[in-house]
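Below: target.cif (mmCIF, C-alpha atoms and all ligand atoms)
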```cif
data_input
loop_
_atom_site.group_PDB
_atom_site.id
_atom_site.type_symbol
_atom_site.label_atom_id
_atom_site.label_comp_id
_atom_site.auth_asym_id
_atom_site.auth_seq_id
_atom_site.Cartn_x
_atom_site.Cartn_y
_atom_site.Cartn_z
ATOM 1 C CA MET A 1 -28.868 -12.102 56.554
ATOM 2 C CA VAL A 2 -29.752 -8.451 56.731
ATOM 3 C CA GLU A 3 -33.152 -7.594 55.334
ATOM 4 C CA LYS A 4 -32.736 -5.181 52.436
ATOM 5 C CA VAL A 5 -34.648 -1.984 52.942
ATOM 6 C CA LYS A 6 -35.004 1.388 51.398
ATOM 7 C CA ILE A 7 -35.139 4.459 53.586
ATOM 8 C CA VAL A 8 -37.954 6.915 53.110
ATOM 9 C CA VAL A 9 -38.296 10.352 54.671
ATOM 10 C CA ASP A 10 -41.345 12.109 56.031
ATOM 11 C CA ASP A 11 -40.846 15.583 54.607
ATOM 12 C CA ASP A 12 -43.272 17.069 57.104
ATOM 13 C CA ARG A 13 -41.056 16.005 60.021
ATOM 14 C CA CYS A 14 -37.572 16.347 58.496
ATOM 15 C CA TYR A 15 -35.970 19.724 59.200
ATOM 16 C CA LEU A 16 -32.786 18.909 57.233
ATOM 17 C CA CYS A 17 -30.477 18.827 60.256
ATOM 18 C CA GLY A 18 -28.126 16.400 58.502
ATOM 19 C CA GLY A 19 -27.862 14.056 61.475
ATOM 20 C CA CYS A 20 -28.801 10.981 59.470
ATOM 21 C CA ALA A 21 -26.323 11.774 56.708
ATOM 22 C CA GLY A 22 -23.581 12.290 59.294
ATOM 23 C CA MET A 23 -24.203 8.882 60.852
ATOM 24 C CA CYS A 24 -24.563 6.839 57.661
ATOM 25 C CA PRO A 25 -21.424 4.681 57.257
ATOM 26 C CA THR A 26 -21.707 4.496 53.475
ATOM 27 C CA LEU A 27 -22.784 8.068 52.639
ATOM 28 C CA ALA A 28 -26.092 6.792 51.293
ATOM 29 C CA ILE A 29 -27.902 9.919 52.486
ATOM 30 C CA ASN A 30 -27.174 13.470 51.420
ATOM 31 C CA VAL A 31 -28.842 16.427 53.071
ATOM 32 C CA GLY A 32 -28.620 19.694 51.199
ATOM 33 C CA PRO A 33 -31.512 21.793 49.983
ATOM 34 C CA ARG A 34 -33.448 18.548 50.172
ATOM 35 C CA TRP A 35 -33.109 15.055 51.643
ATOM 36 C CA GLU A 36 -31.669 12.482 49.184
ATOM 37 C CA PHE A 37 -31.212 8.719 49.414
ATOM 38 C CA PHE A 38 -28.889 6.611 47.251
ATOM 39 C CA ILE A 39 -30.131 3.052 47.357
ATOM 40 C CA ASP A 40 -27.062 1.597 45.657
ATOM 41 C CA LYS A 41 -24.902 2.698 48.588
ATOM 42 C CA CYS A 42 -27.264 1.669 51.388
ATOM 43 C CA ILE A 43 -26.354 -1.458 53.386
ATOM 44 C CA SER A 44 -29.643 -1.526 55.327
ATOM 45 C CA CYS A 45 -27.987 -1.004 58.721
ATOM 46 C CA LYS A 46 -30.797 1.342 59.860
ATOM 47 C CA ILE A 47 -28.424 3.536 61.858
ATOM 48 C CA CYS A 48 -29.993 6.586 60.226
ATOM 49 C CA ILE A 49 -33.392 5.701 61.625
ATOM 50 C CA THR A 50 -32.184 5.771 65.214
ATOM 51 C CA ALA A 51 -30.058 8.844 64.478
ATOM 52 C CA CYS A 52 -33.001 11.011 63.462
ATOM 53 C CA PRO A 53 -34.135 13.139 66.418
ATOM 54 C CA VAL A 54 -37.676 13.543 65.108
ATOM 55 C CA GLY A 55 -38.420 10.050 63.776
ATOM 56 C CA ALA A 56 -38.666 11.233 60.189
ATOM 57 C CA LEU A 57 -37.134 8.110 58.647
ATOM 58 C CA GLU A 58 -38.673 4.739 57.994
ATOM 59 C CA ALA A 59 -37.274 1.500 56.573
ATOM 60 C CA VAL A 60 -39.414 -0.106 53.895
ATOM 61 C CA PRO A 61 -38.654 -3.760 53.052
ATOM 62 C CA LEU A 62 -37.447 -4.227 49.491
ATOM 63 C CA GLU A 63 -38.420 -7.863 49.163
ATOM 64 C CA GLY A 64 -40.913 -8.369 46.406
ATOM 65 C CA GLU A 65 -39.971 -5.146 44.648
ATOM 66 C CA PRO A 66 -38.394 -5.296 41.217
HETATM 67 S S1 LIG A 101 -29.748 2.142 56.549
HETATM 68 FE FE1 LIG A 101 -27.554 2.467 57.039
HETATM 69 S S2 LIG A 101 -26.545 2.521 55.055
HETATM 70 FE FE2 LIG A 101 -28.721 2.800 54.649
HETATM 71 S S3 LIG A 101 -29.014 5.022 54.594
HETATM 72 FE FE3 LIG A 101 -29.409 4.358 56.716
HETATM 73 S S4 LIG A 101 -27.456 4.585 57.814
HETATM 74 FE FE4 LIG A 101 -27.035 4.626 55.593
HETATM 75 S S1 LIG A 102 -31.809 13.255 60.972
HETATM 76 FE FE1 LIG A 102 -34.029 13.348 60.575
HETATM 77 S S2 LIG A 102 -34.532 15.546 60.632
HETATM 78 FE FE2 LIG A 102 -32.301 15.375 60.380
HETATM 79 S S3 LIG A 102 -31.967 15.449 58.154
HETATM 80 FE FE3 LIG A 102 -32.114 13.276 58.733
HETATM 81 S S4 LIG A 102 -34.287 12.765 58.448
HETATM 82 FE FE4 LIG A 102 -34.144 14.984 58.486
#
```
So, in terms of structure tokens, how does the structure I just supplied come out?
Amino acid sequence: MVEKVKIVVDDDRCYLCGGCAGMCPTLAINVGPRWEFFIDKCISCKICITACPVGALEAVPLEGEP
């Protein structure tokens, strides 16, 4: 079973290149004037984390959260 995570961005590192959004298979990330994450669409594949060239994304386990 895939561990459910939420993806969080480090705004100091992210330069809004859109690479993560382009790689996400479920369009759970949108990069426009700011970085946005849609948790309902995310399937916790973590592709976005490896896609980011500057390591701005992190997966936070959702277990134990409401
Ligand atoms: S973990 Fe997968 S589904 Fe979730 S935002 Fe990243 S690339 Fe998209
Ligand atoms: S790939 Fe990294 S730097 Fe580019 S928009 Fe996504 S989080 Fe920001």
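This file, filtered with the PyMOL selection byres (((not hetatm)) within 8 of (chain A and resi 102)), gives the residues Val9, Asp10, Asp11, Arg13, Cys14, Tyr15, Leu16, Cys17, Gly18, Gly19, Cys20, Ala21, Val31, Trp35, Cys48, Ile49, Ala51, Cys52, Pro53, Val54, Gly55, Ala56 and Leu57 of chain A.
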Put the listed atoms of ligand LIG 101 (chain A) in a box along x, y and z with 3 Å added on every side and give me the centre and edge lengths in Å to one decimal, as AutoDock Vina command-line options.
```
--center_x -28.1 --center_y 3.6 --center_z 56.2 --size_x 9.2 --size_y 8.9 --size_z 9.2
```
### Query
Any chance you could work out the residue set of the PyMOL selection byres (((chain A and resi 25) around 9) and not hetatm) here, as a list in words?
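Selected by the PyMOL selection byres (((chain A and resi 25) around 9) and not hetatm) in this file: Ala21, Gly22, Met23, Cys24, Thr26, Leu27, Ala28, Cys42, Ile43, Cys45 and Ile47 of chain A.
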### Task
Let me know the residues the PyMOL selection byres (((chain A and resi 7) around 6) and not hetatm) catches in the file above, as a list in words.
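That selection, the PyMOL selection byres (((chain A and resi 7) around 6) and not hetatm), comes back as Lys6, Val8, Glu58 and Ala59 of chain A.
Between ligand LIG 101 (chain A) and the residues A:Pro61, A:Ile29, A:Thr50, A:Arg34, the shortest atom-to-atom distance, using all atoms listed in the file, involves A:Ile29.
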### Task
Between A:Ser44, A:Asp12, A:Ile39, A:Val5, single out the one closest to ligand LIG 101 (chain A), counting all atoms listed in the file.
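Using all atoms listed in the file, ligand LIG 101 (chain A) sits closest to A:Ser44.
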### Task
Tell me which of A:Lys46, A:Asn30, A:Val2, A:Phe37 sits closest to ligand LIG 101 (chain A), counting only C-alpha atoms and all ligand atoms.
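The closest residue to ligand LIG 101 (chain A) is A:Lys46.
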### Task
Grab the atom FE2 of ligand LIG 101 (chain A) to CA of Pro33 in chain A distance for me, in Å with one decimal place.
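Rounded to one decimal, the two atoms are 19.8 Å apart.
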